[in-house]
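What follows is one structure encoded as structure tokens, with my remarks underneath.
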Amino acid sequence: MWRFGNQWQAFIALLIGTEACSHERLSPSPLIRKQDTPLSPLSPEEATLLNAISNTTISEWSYYYTHGAHLAGKNLTMAEWTADRWRENGWNSSVVPYEVYLNYPVNKSLSLTYSNGSTFQPSLEEAVLSEDDTTSYPDRIPTFHGYSASGSADAEFVYVGRGQQVDFDRLVALSVPLEGKVAIAKYGGPFRGLKVKNAQEHGMIGVIIFTDTAEDGNITEANGYAAYPDGPARNPSAVQRGSVQFLSIYPGDPTTPGYPSKEGSPRADPSRVLPKIPSIPISYVDAIPILASLDGYGTTGVEVNRTGWVGALNVSYSTGPAPGTTISMSNLMEGGIHALWDTIGIINGTIGDETIVIGNHRDAWIVGGAADPNSGTAIIVELAKAFGKLLAQGWKPKRNIVLASWDGEEYGLVGSTEWVEEYVPWLTETAVSYLNIDVGASGPWPYIAATPELHGISTDVMKKVPWMDTNRTMYDVWLEYTQGSIGVLGSGSDYTSFVHKGIGSIDMGAGGASTDPIYHYHSNYDSYHWMSTFGDPGFLAHKSMSQYLSLLAYNLADRDLIQFDLPNYATQLESYYEDLLSTIQSAALDLDTSALLDAIKEFRNGATDVQALQDQAIATNDSGLLTLVNHKYRDFQRGFVSQGGLPDREFFQHLIFAPGIDTGYAATTFPGITEAVLASNASLATEFVQKTADAILIAANIIKT
């Protein structure tokens with residue numbers, strides 16, 4: 001739909017984010033003139049959905065979910081409560097259990113010892129705030145990393161920047177000693193688990209990861225803003241929890257790769273995707289003395305000269321190590337097989353072999369989780385209520401609608417992955433699209449990432465939604481914020497398993513711009529109090545996102561024609577191809593890509609053919625021909641996953657886009673080819689040129705007439 005030059009590729013990478021369930025804080029573009037697009041007309045059913053959605057009841061759902069601990073595998077009552085809400089609105093609802101490997105924190109410690117023998121003891125926990133009731137709950141969850149290893153380390157330490165492989169390459173080039181040291185890493189860039197993986201592979205024995213206020217733009221105490229709860233800046237004690245699974249290898253239960261985790265399932269060795277060294281997350285206020293102790297030792301951050309290395313704290317971001325200055329850390333986790341619970345609701349359609357799936361995860365690292373994930377949870381509970389209004393009028397959709405509240409997403413997309421692995425035969429036969437909402441609202445600016453066939457319908461529906469009860473459409477606000485860019489799906493939320501089974505998907509949410517209050521990701525301060533005071537007072541962004549998701553689901557489930565745009569898919573393939581040529585040129589690799597280009601041309605021809613067939617079916621009111629077109633739309637993307645997985649990470653089967661091997665989140669297009677090129681592996685690149693071309697040809701043959 002929109003095609004941009006290389007300057008937009010960086011923007012899209014920012015849009016899809018550096019943290020799962022989150023995205024980079026952007027600034028609305030001064031280049032986009034504010035506009036007031038007239039609202040598109042609504043059908044009677046669309047009007048019913050839109051008018052049924054209330055910010056008042058969304059606030060009530062949010063309050064419920066954010067006032068009780070709901071860590072993965074410890075939220076059965078919430079799973080059942082969710083099923084009850086859906087059931088009372090006409091959905092056939094149940095709770096589906098899985099038996100998965102999880103671990104939970106027992107205790108941890110961290111201390112810094114200077115060469116003169118003096119010590120610094122970080123607090124490791126977040127401050128209790130009288131203004132924010134859930135920060136003082138007796139069952140509040142301590143700071144920790146899910147799937148972290150138990151262990152201890154006592155050694156000198158090295159600052160490793162954002163912990164990317166290229167950061168470690170730079171440290172090696174600078175002759176900074178790594179083996180036997182503890183790594184200090186900054187959040188941002190790759191998924192936190194890959195920071196631990198990279199440190200482990202360089203012989204390091206522990207990892208400390210901190211949040212830097214460089215993420216916060218101008219909204220910092222240093223710039224005069226009061227910290228939460230008194231103002232919009234980050235609370236100094238805020239800590240980002242999260243999983244350290246090696247997400248770019250495979251998500252889901254680490255002991256059942258490729259098959260569902262049920263009682264009695266055989267268990268594999270999880271060591272390929274779980275760390276062997278301990279890791280602990282800390283706040284920036286605890287990080288400052290640790291980083292400052294490296295000032296004057298090793299190479300300064302400016303001299304390291306790596307992207308994202310230097311942050312905004314008053315330290316030099318030197319590599320170290322500082323002779324005789326050590327970190328002592330200990331981390332004890334308790335792991336085992338635990339039940340988790342997906343809540344599933346169903347409305348059967350009149351066409352049994354076409355299905356739309358809508359999902360959000362319910363589990364959170366904290367008692368709160370007002371943005372991540374329970375803004376999305378409140379939104380889909382409200383969606384269920386709105387569709388209940390239609391059901392009460394006797395309406396029935398053409399396509400099946402499945403509504404899912406996943407458990408275990410935070411540990412590694414566990415609940416959704418296990419469900420997809422259990423139901424993959426049925427999904428392969430019937431699934432049309434998966435619609436994901438994770439952080440539904442942490443601010444007032446909407447964004448989406450989607451597979452290309454959904455670009456048109458996803459932006460058209462925006463024109464039907466009044467944004468936050470203003471006279472502007474969601475489309476106007478989205479265009480101002482994103483400059484018309486739609487992100488490419490990598491990983492980091494529950495769409496991942498669907499995409500890599502060849503099911504087109506969209507991920508959506510609303511977040512803060514660079515001047516909005518700081519969202520405390522995976523912190524106790526992602527609370528109902530923060531949301532109702534700073535994040536989305538009045539829950540109006542929640543309301544608009546629920547209206548958007550409801551209308552998008554309705555249009556995909558109930559229109560005679562599945563509203564896909566395959567010519568746009570061809571356009572995006574052509575754009576990805578141009579990017580690939582640039583990558584090959586930069587790598588100075590001799591690679592013949594003609595087979596790939598020929599396949600893309602064939603897909604373009606097929607997209608033109610099926611669009612003509614679609615127009616004929618509509619013009620002649622031929623129901624049989626319409627069914628044929630709809631099934632081509634449903635099935636074509638299965639071709640992209642037909643060639644087996646990527647090298648050494650077979651879970652990722654989609655050869656058009658996948659999470660980068662050293663990002664875990666951000667997408668790499670034509671990943672089999674691109675990553676082989678970046679590794680200077682000409683034979684592997686040649687192999688994946690052919691495999692990717694074959695995948696595209698299979699998709700083209702599905703849509704050809």
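How things are named: the first chain in the structure tokens is A, the next is B, and so on; residues count from 1 in each chain; ligands count from 1 in the order shown.
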Would you write out, as CSV, a table of all residues in segment 532-602 of chain A that have an atom no more than 10 Å from an atom of segment 422-435 of chain A, listing for each the closest atom pair and the distance in Å to one decimal, considering only C-alpha atoms and ordering rows by chain and rising residue number?
```
residue,atom,partner,partner_atom,distance
A:Leu549,CA,A:Leu435,CA,8.0
A:Leu552,CA,A:Leu435,CA,8.7
A:Ala553,CA,A:Leu435,CA,7.7
A:Leu556,CA,A:Ser433,CA,8.1
A:Ala557,CA,A:Val432,CA,9.0
A:Ile562,CA,A:Val432,CA,8.4
A:Phe564,CA,A:Val432,CA,9.9
```
* **Residue contacts of segment 492-503 of chain A (9 Å, only C-alpha atoms) excluding same-chain residues fewer than 3 positions away, as a VMD selection string** => chain A and resid 19 to 22 191 247 251 to 252 359 to 361 406 409 to 410 412 to 418 420 to 421 424 427 to 428 431 to 438 451 489 506 to 507 634 to 642 645 651 to 655 658 to 659 664 to 666
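Interatomic distance, atom CA of Pro567 of chain A against atom CA of Asn555 of chain A: 19.6 Å.
With only C-alpha atoms taken into account, the protein and nucleic acid residues at most 7 Å from segment 674-688 of chain A (excluding it and anything under 6 positions from it in its own chain) are Leu580, Ile584, Ala587 and Leu591 of chain A.
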* Counting only C-alpha atoms, figure out which residue out of A:Ile351, A:Val172, A:Val610, A:Leu313 gets nearest to Asp558 of chain A. => A:Ile351
* Write out as number ranges by chain each polymer residue whose atoms come within 12 Å of Asn305 of chain A, counting only C-alpha atoms; drop sequence neighbours fewer than 2 positions from it. => A: 161, 166-167, 170-171, 174, 299-303, 307-310, 317-319
Restricting the output to N, CA, C and O atoms, write the selected residues as a PDB file, in the first residue's frame.
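Output contents, as saved in out_3.pdb:
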```pdb
ATOM      1  N   GLY A 161      27.629  -2.633  26.371  1.00  0.00           N
ATOM      2  CA  GLY A 161      26.666  -1.898  25.559  1.00  0.00           C
ATOM      3  C   GLY A 161      25.313  -2.563  25.589  1.00  0.00           C
ATOM      4  O   GLY A 161      24.826  -2.978  26.650  1.00  0.00           O
ATOM      5  N   VAL A 166      27.440  -7.570  17.498  1.00  0.00           N
ATOM      6  CA  VAL A 166      28.386  -6.565  16.994  1.00  0.00           C
ATOM      7  C   VAL A 166      29.034  -5.785  18.137  1.00  0.00           C
ATOM      8  O   VAL A 166      30.165  -5.305  17.999  1.00  0.00           O
ATOM      9  N   ASP A 167      28.346  -5.641  19.263  1.00  0.00           N
ATOM     10  CA  ASP A 167      28.974  -5.021  20.435  1.00  0.00           C
ATOM     11  C   ASP A 167      30.108  -5.891  20.958  1.00  0.00           C
ATOM     12  O   ASP A 167      31.200  -5.403  21.299  1.00  0.00           O
ATOM     13  N   ARG A 170      33.090  -5.711  18.766  1.00  0.00           N
ATOM     14  CA  ARG A 170      33.878  -4.499  19.017  1.00  0.00           C
ATOM     15  C   ARG A 170      34.746  -4.668  20.259  1.00  0.00           C
ATOM     16  O   ARG A 170      35.924  -4.252  20.269  1.00  0.00           O
ATOM     17  N   LEU A 171      34.201  -5.285  21.302  1.00  0.00           N
ATOM     18  CA  LEU A 171      34.984  -5.514  22.517  1.00  0.00           C
ATOM     19  C   LEU A 171      36.173  -6.432  22.245  1.00  0.00           C
ATOM     20  O   LEU A 171      37.279  -6.206  22.750  1.00  0.00           O
ATOM     21  N   LEU A 174      38.832  -4.570  20.567  1.00  0.00           N
ATOM     22  CA  LEU A 174      39.526  -3.677  21.497  1.00  0.00           C
ATOM     23  C   LEU A 174      40.353  -4.435  22.535  1.00  0.00           C
ATOM     24  O   LEU A 174      40.946  -3.819  23.429  1.00  0.00           O
ATOM     25  N   THR A 299      38.110   1.269  27.582  1.00  0.00           N
ATOM     26  CA  THR A 299      37.871   2.239  26.517  1.00  0.00           C
ATOM     27  C   THR A 299      36.587   2.998  26.810  1.00  0.00           C
ATOM     28  O   THR A 299      35.578   2.396  27.185  1.00  0.00           O
ATOM     29  N   THR A 300      36.620   4.316  26.665  1.00  0.00           N
ATOM     30  CA  THR A 300      35.412   5.103  26.931  1.00  0.00           C
ATOM     31  C   THR A 300      34.337   4.788  25.902  1.00  0.00           C
ATOM     32  O   THR A 300      34.613   4.333  24.782  1.00  0.00           O
ATOM     33  N   GLY A 301      33.097   5.081  26.274  1.00  0.00           N
ATOM     34  CA  GLY A 301      31.983   4.831  25.376  1.00  0.00           C
ATOM     35  C   GLY A 301      32.098   5.570  24.060  1.00  0.00           C
ATOM     36  O   GLY A 301      31.782   5.020  22.999  1.00  0.00           O
ATOM     37  N   VAL A 302      32.572   6.816  24.115  1.00  0.00           N
ATOM     38  CA  VAL A 302      32.726   7.600  22.888  1.00  0.00           C
ATOM     39  C   VAL A 302      33.732   6.936  21.971  1.00  0.00           C
ATOM     40  O   VAL A 302      33.532   6.849  20.746  1.00  0.00           O
ATOM     41  N   GLU A 303      34.820   6.433  22.543  1.00  0.00           N
ATOM     42  CA  GLU A 303      35.853   5.783  21.730  1.00  0.00           C
ATOM     43  C   GLU A 303      35.401   4.416  21.212  1.00  0.00           C
ATOM     44  O   GLU A 303      35.830   3.979  20.142  1.00  0.00           O
ATOM     45  N   THR A 307      26.678   2.032  17.999  1.00  0.00           N
ATOM     46  CA  THR A 307      25.300   2.504  18.101  1.00  0.00           C
ATOM     47  C   THR A 307      24.674   2.077  19.425  1.00  0.00           C
ATOM     48  O   THR A 307      24.724   0.902  19.795  1.00  0.00           O
ATOM     49  N   GLY A 308      24.096   3.042  20.138  1.00  0.00           N
ATOM     50  CA  GLY A 308      23.388   2.740  21.376  1.00  0.00           C
ATOM     51  C   GLY A 308      24.277   2.454  22.565  1.00  0.00           C
ATOM     52  O   GLY A 308      23.783   2.106  23.641  1.00  0.00           O
ATOM     53  N   TRP A 309      25.583   2.596  22.416  1.00  0.00           N
ATOM     54  CA  TRP A 309      26.496   2.260  23.524  1.00  0.00           C
ATOM     55  C   TRP A 309      26.393   3.277  24.655  1.00  0.00           C
ATOM     56  O   TRP A 309      26.292   2.912  25.823  1.00  0.00           O
ATOM     57  N   VAL A 310      26.433   4.535  24.304  1.00  0.00           N
ATOM     58  CA  VAL A 310      26.386   5.606  25.315  1.00  0.00           C
ATOM     59  C   VAL A 310      24.936   5.976  25.585  1.00  0.00           C
ATOM     60  O   VAL A 310      24.155   6.193  24.657  1.00  0.00           O
ATOM     61  N   TYR A 317      30.451   5.379  30.338  1.00  0.00           N
ATOM     62  CA  TYR A 317      30.107   4.140  29.622  1.00  0.00           C
ATOM     63  C   TYR A 317      31.367   3.434  29.130  1.00  0.00           C
ATOM     64  O   TYR A 317      31.401   2.858  28.049  1.00  0.00           O
ATOM     65  N   SER A 318      32.402   3.485  29.978  1.00  0.00           N
ATOM     66  CA  SER A 318      33.655   2.796  29.662  1.00  0.00           C
ATOM     67  C   SER A 318      33.480   1.287  29.772  1.00  0.00           C
ATOM     68  O   SER A 318      32.639   0.782  30.532  1.00  0.00           O
ATOM     69  N   THR A 319      34.312   0.587  29.034  1.00  0.00           N
ATOM     70  CA  THR A 319      34.196  -0.867  28.988  1.00  0.00           C
ATOM     71  C   THR A 319      34.642  -1.530  30.282  1.00  0.00           C
ATOM     72  O   THR A 319      34.075  -2.541  30.696  1.00  0.00           O
TER      73      THR A 319
END
```
* Can you check which residues of segment 378-526 of chain A DSSP gives as helix (DSSP H, G or I) on the backbone and send them as a count of residues only? => 63
* Which of segment 353-464 of chain A fall in strand (DSSP E or B), as a PyMOL selection string -> chain A and resi 353-361+399-406+431-437+445-450
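Checking A:Glu574, A:Glu46, A:Thr583, A:Met545 one by one against Arg559 of chain A, counting only C-alpha atoms, you find the shortest gap at A:Glu46.
Among the candidates A:Pro138, A:Pro254, A:Pro44, A:Pro270, the one nearest to Tyr554 of chain A when counting only C-alpha atoms is A:Pro44.
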